[in-house]
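J.: One structure, pasted below without further comment.
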Amino acid sequence: MMRRATRADLPAIVALLADDTLGAGREDASLPLNAAYLSAFEAIERDENQFLAVAEQDGALLGCLHLTFLPGISRLGAWRGQVESVRVAAAARGSGLGRRMLEWAAETARARGCTLVQLTTDKTRPEAHRFYESLGYQPTHIGYKLPL
């Protein structure tokens, strides 16, 4: 079900990212894909601490997430798993796929020696907040972003 994304998956991944209110305003799913997506994919593919994953079922790409393994000094030199870009295709929402994807991410991070999995989610997504909390994630921090 979960596997490493390939370059051929990029159009479907970008379409998933663009298929919501926030993504529609910041992604470009038109073909051919913007070269920036290809460049980013190549950088991710070269970095052993990056795992761009897709959820596939019966040949259809139904979800994606980006898992990054972060070394740190705090928490006795703990590694963290950072989860980003979680998306589930509209037709698969409510099927439990998102839960299985996040469980996969936690297990993959644990297997890589991470002691913590973290993620951020937009403040305007209360349904996502409820979903992550149902999986045991706790809203322990306030996140800040600075557009550059």
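In the structure tokens, chains take letters A, B, ... by order of appearance, with residues numbered from 1 within each chain and ligands from 1 in the order shown.
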Check the DSSP output for the backbone and give back, as a PyMOL selection string, the residues of chain A in alpha helix (DSSP H).
T.: chain A and resi 10-18+21-26+35-46+74-77+97-111+126-134
J.: Write out as number ranges by chain each polymer residue whose atoms come within 12 Å of Ala40 in chain A, counting only C-alpha atoms; drop sequence neighbours fewer than 2 positions from it.
T.: A: 7, 10, 14, 33-38, 42-47, 50, 52, 66
J.: If we count only C-alpha atoms and set the cut-off at 12 Å, which residues sit around range 110-127 of chain A, ignoring sequence neighbours fewer than 5 positions away in its own chain? Please answer as a CSV table (one decimal) with N, CA, C and O atoms, in the first residue's frame.
T.:
chain,number,residue,atom,x,y,z
A,20,ASP,N,-7.6,20.9,-2.7
A,20,ASP,CA,-8.3,21.5,-1.5
A,20,ASP,C,-8.2,23.0,-1.5
A,20,ASP,O,-7.6,23.6,-2.4
A,21,THR,N,-8.9,23.6,-0.6
A,21,THR,CA,-9.0,25.1,-0.6
A,21,THR,C,-7.7,25.7,-0.6
A,21,THR,O,-7.4,26.7,-1.3
A,22,LEU,N,-6.8,25.3,0.3
A,22,LEU,CA,-5.5,25.9,0.5
A,22,LEU,C,-4.6,25.6,-0.7
A,22,LEU,O,-3.9,26.4,-1.2
A,23,GLY,N,-4.6,24.3,-1.1
A,23,GLY,CA,-3.7,23.9,-2.1
A,23,GLY,C,-4.0,24.5,-3.5
A,23,GLY,O,-3.2,24.7,-4.3
A,48,GLU,N,18.9,10.8,1.8
A,48,GLU,CA,18.5,9.6,2.5
A,48,GLU,C,17.6,9.9,3.7
A,48,GLU,O,17.0,9.0,4.3
A,49,ASN,N,17.5,11.1,4.1
A,49,ASN,CA,16.6,11.5,5.2
A,49,ASN,C,15.3,12.0,4.8
A,49,ASN,O,14.5,12.6,5.6
A,50,GLN,N,15.0,11.8,3.5
A,50,GLN,CA,13.7,12.2,2.9
A,50,GLN,C,13.0,11.0,2.4
A,50,GLN,O,13.6,10.1,1.8
A,51,PHE,N,11.7,10.9,2.6
A,51,PHE,CA,10.9,9.8,2.1
A,51,PHE,C,9.5,10.4,1.6
A,51,PHE,O,8.7,10.7,2.4
A,65,LEU,N,2.3,11.5,1.4
A,65,LEU,CA,2.9,12.3,2.6
A,65,LEU,C,4.4,12.3,2.4
A,65,LEU,O,5.0,11.5,1.7
A,66,HIS,N,5.0,13.3,3.0
A,66,HIS,CA,6.4,13.5,3.0
A,66,HIS,C,6.9,13.4,4.4
A,66,HIS,O,6.6,14.1,5.3
A,67,LEU,N,7.8,12.4,4.6
A,67,LEU,CA,8.4,12.1,5.9
A,67,LEU,C,9.9,12.4,5.8
A,67,LEU,O,10.6,11.9,5.0
A,68,THR,N,10.3,13.3,6.7
A,68,THR,CA,11.7,13.7,6.8
A,68,THR,C,12.2,13.3,8.2
A,68,THR,O,11.6,13.4,9.2
A,69,PHE,N,13.4,12.8,8.2
A,69,PHE,CA,14.1,12.3,9.4
A,69,PHE,C,15.1,13.4,9.8
A,69,PHE,O,16.0,13.7,9.1
A,70,LEU,N,14.9,14.0,11.0
A,70,LEU,CA,15.6,15.2,11.5
A,70,LEU,C,16.5,14.8,12.7
A,70,LEU,O,15.9,14.4,13.7
A,71,PRO,N,17.8,14.9,12.5
A,71,PRO,CA,18.7,14.8,13.7
A,71,PRO,C,18.5,16.0,14.6
A,71,PRO,O,18.2,17.1,14.1
A,72,GLY,N,18.8,15.8,15.9
A,72,GLY,CA,18.7,17.0,16.8
A,72,GLY,C,19.6,16.8,18.0
A,72,GLY,O,20.1,15.7,18.3
A,74,SER,N,18.7,18.3,21.0
A,74,SER,CA,17.8,18.3,22.2
A,74,SER,C,17.2,16.9,22.4
A,74,SER,O,17.3,16.0,21.5
A,75,ARG,N,16.7,16.6,23.5
A,75,ARG,CA,16.1,15.3,23.9
A,75,ARG,C,17.2,14.2,23.8
A,75,ARG,O,16.9,13.1,23.2
A,76,LEU,N,18.4,14.5,24.3
A,76,LEU,CA,19.5,13.6,24.3
A,76,LEU,C,19.9,13.1,22.9
A,76,LEU,O,20.2,12.0,22.6
A,77,GLY,N,19.9,14.1,21.9
A,77,GLY,CA,20.3,13.8,20.6
A,77,GLY,C,19.3,13.0,19.8
A,77,GLY,O,19.6,12.3,18.9
A,78,ALA,N,18.0,13.2,20.1
A,78,ALA,CA,16.9,12.5,19.5
A,78,ALA,C,16.7,12.8,18.0
A,78,ALA,O,16.9,14.0,17.6
A,79,TRP,N,16.4,11.8,17.2
A,79,TRP,CA,15.9,12.0,15.9
A,79,TRP,C,14.4,12.2,15.9
A,79,TRP,O,13.7,11.6,16.7
A,80,ARG,N,13.9,13.0,15.0
A,80,ARG,CA,12.4,13.2,14.9
A,80,ARG,C,12.0,12.9,13.5
A,80,ARG,O,12.7,13.1,12.5
A,81,GLY,N,10.8,12.4,13.4
A,81,GLY,CA,10.1,12.3,12.1
A,81,GLY,C,9.2,13.5,11.8
A,81,GLY,O,8.3,13.7,12.7
A,82,GLN,N,9.4,14.2,10.8
A,82,GLN,CA,8.6,15.4,10.4
A,82,GLN,C,7.7,15.0,9.3
A,82,GLN,O,8.2,14.6,8.2
A,83,VAL,N,6.4,15.0,9.5
A,83,VAL,CA,5.4,14.7,8.5
A,83,VAL,C,4.8,15.9,7.8
A,83,VAL,O,4.4,16.9,8.5
A,84,GLU,N,4.9,16.0,6.5
A,84,GLU,CA,4.3,17.1,5.8
A,84,GLU,C,3.5,16.6,4.6
A,84,GLU,O,3.6,15.4,4.2
A,85,SER,N,2.8,17.5,4.0
A,85,SER,CA,2.1,17.3,2.7
A,85,SER,C,1.2,16.0,2.8
A,85,SER,O,1.2,15.2,1.8
A,86,VAL,N,0.4,15.8,3.8
A,86,VAL,CA,-0.5,14.7,3.9
A,86,VAL,C,-1.7,15.0,3.1
A,86,VAL,O,-2.4,16.0,3.4
A,87,ARG,N,-2.0,14.1,2.2
A,87,ARG,CA,-3.3,14.3,1.4
A,87,ARG,C,-3.9,12.9,1.1
A,87,ARG,O,-3.1,12.0,0.9
A,93,ARG,N,-11.5,9.6,1.3
A,93,ARG,CA,-11.6,10.2,2.6
A,93,ARG,C,-12.7,9.5,3.4
A,93,ARG,O,-13.7,9.1,2.9
A,94,GLY,N,-12.4,9.3,4.7
A,94,GLY,CA,-13.3,8.6,5.5
A,94,GLY,C,-13.2,7.0,5.5
A,94,GLY,O,-13.9,6.3,6.2
A,102,LEU,N,-0.7,7.6,8.4
A,102,LEU,CA,0.0,8.2,9.6
A,102,LEU,C,0.6,7.1,10.5
A,102,LEU,O,1.7,7.3,11.1
A,103,GLU,N,-0.1,6.0,10.6
A,103,GLU,CA,0.5,4.8,11.4
A,103,GLU,C,1.7,4.3,10.7
A,103,GLU,O,2.7,4.0,11.3
A,104,TRP,N,1.7,4.2,9.3
A,104,TRP,CA,2.9,3.8,8.6
A,104,TRP,C,4.0,4.8,8.8
A,104,TRP,O,5.2,4.4,9.0
A,105,ALA,N,3.7,6.1,8.8
A,105,ALA,CA,4.8,7.1,9.0
A,105,ALA,C,5.4,7.0,10.4
A,105,ALA,O,6.6,7.1,10.5
A,132,TYR,N,-5.9,14.3,13.6
A,132,TYR,CA,-4.5,14.1,14.2
A,132,TYR,C,-4.6,13.8,15.7
A,132,TYR,O,-4.0,12.9,16.2
A,133,GLU,N,-5.5,14.5,16.3
A,133,GLU,CA,-5.7,14.2,17.8
A,133,GLU,C,-6.3,12.9,18.0
A,133,GLU,O,-5.9,12.2,19.0
A,134,SER,N,-7.1,12.4,17.1
A,134,SER,CA,-7.7,11.0,17.2
A,134,SER,C,-6.6,9.9,17.1
A,134,SER,O,-6.8,8.8,17.6
A,135,LEU,N,-5.5,10.3,16.5
A,135,LEU,CA,-4.3,9.4,16.3
A,135,LEU,C,-3.3,9.5,17.5
A,135,LEU,O,-2.3,8.9,17.5
A,136,GLY,N,-3.6,10.4,18.4
A,136,GLY,CA,-2.7,10.6,19.6
A,136,GLY,C,-1.8,11.8,19.5
A,136,GLY,O,-1.0,12.0,20.4
A,137,TYR,N,-1.8,12.5,18.4
A,137,TYR,CA,-1.0,13.7,18.2
A,137,TYR,C,-1.5,14.8,19.2
A,137,TYR,O,-2.8,14.9,19.3
A,138,GLN,N,-0.7,15.5,19.8
A,138,GLN,CA,-1.1,16.5,20.8
A,138,GLN,C,-0.7,17.9,20.3
A,138,GLN,O,0.5,18.1,19.9
A,139,PRO,N,-1.6,18.9,20.4
A,139,PRO,CA,-1.2,20.2,20.0
A,139,PRO,C,-0.4,20.9,21.1
A,139,PRO,O,-0.9,21.8,21.9
A,140,THR,N,0.9,20.5,21.2
A,140,THR,CA,1.7,21.0,22.3
A,140,THR,C,2.5,22.3,22.1
A,140,THR,O,3.0,22.9,23.0
A,141,HIS,N,2.5,22.7,20.8
A,141,HIS,CA,3.3,23.9,20.4
A,141,HIS,C,2.5,24.8,19.5
A,141,HIS,O,1.5,24.4,19.0
A,142,ILE,N,3.0,26.0,19.4
A,142,ILE,CA,2.5,27.0,18.5
A,142,ILE,C,3.5,27.1,17.4
A,142,ILE,O,4.7,27.3,17.7
A,143,GLY,N,3.1,27.0,16.2
A,143,GLY,CA,4.0,27.1,15.0
A,143,GLY,C,4.0,28.4,14.4
A,143,GLY,O,3.0,29.1,14.3
A,144,TYR,N,5.1,28.8,13.9
A,144,TYR,CA,5.2,30.1,13.2
A,144,TYR,C,5.9,29.9,11.8
A,144,TYR,O,6.8,29.0,11.7
A,145,LYS,N,5.5,30.6,10.8
A,145,LYS,CA,6.2,30.5,9.5
A,145,LYS,C,6.5,32.0,9.1
A,145,LYS,O,5.7,32.9,9.3
J.: Among chain A, which residues carry a DSSP assignment of strand (DSSP E), reported as a PyMOL selection string?
T.: chain A and resi 2-4+50-57+60-70+79-88+114-119
J.: For Ser95 in chain A, which of A:Leu148, A:Ala5, A:Ile13, A:Leu62 is the closest residue, counting only C-alpha atoms?
T.: A:Leu62
J.: Counting only C-alpha atoms, figure out which residue out of A:Ala55, A:Met1, A:Ala89, A:Ala128 gets nearest to Ala18 in chain A.
T.: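 Closest to Ala18 in chain A, using only C-alpha atoms: A:Ala89.
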J.: What is the distance, in Å and to one decimal place, between CA of Ala15 in chain A and CA of Asp28 in chain A?
T.: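 Computing the Euclidean distance for CA of Ala15 in chain A and CA of Asp28 in chain A yields 8.1 Å.
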J.: My list of candidates is A:Arg100, A:Ala12, A:Phe41, A:Val88. Which is closest to Ala29 in chain A when distances are computed with only C-alpha atoms?
T.: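 Checking each candidate against Ala29 in chain A, we get A:Ala12 as the closest.
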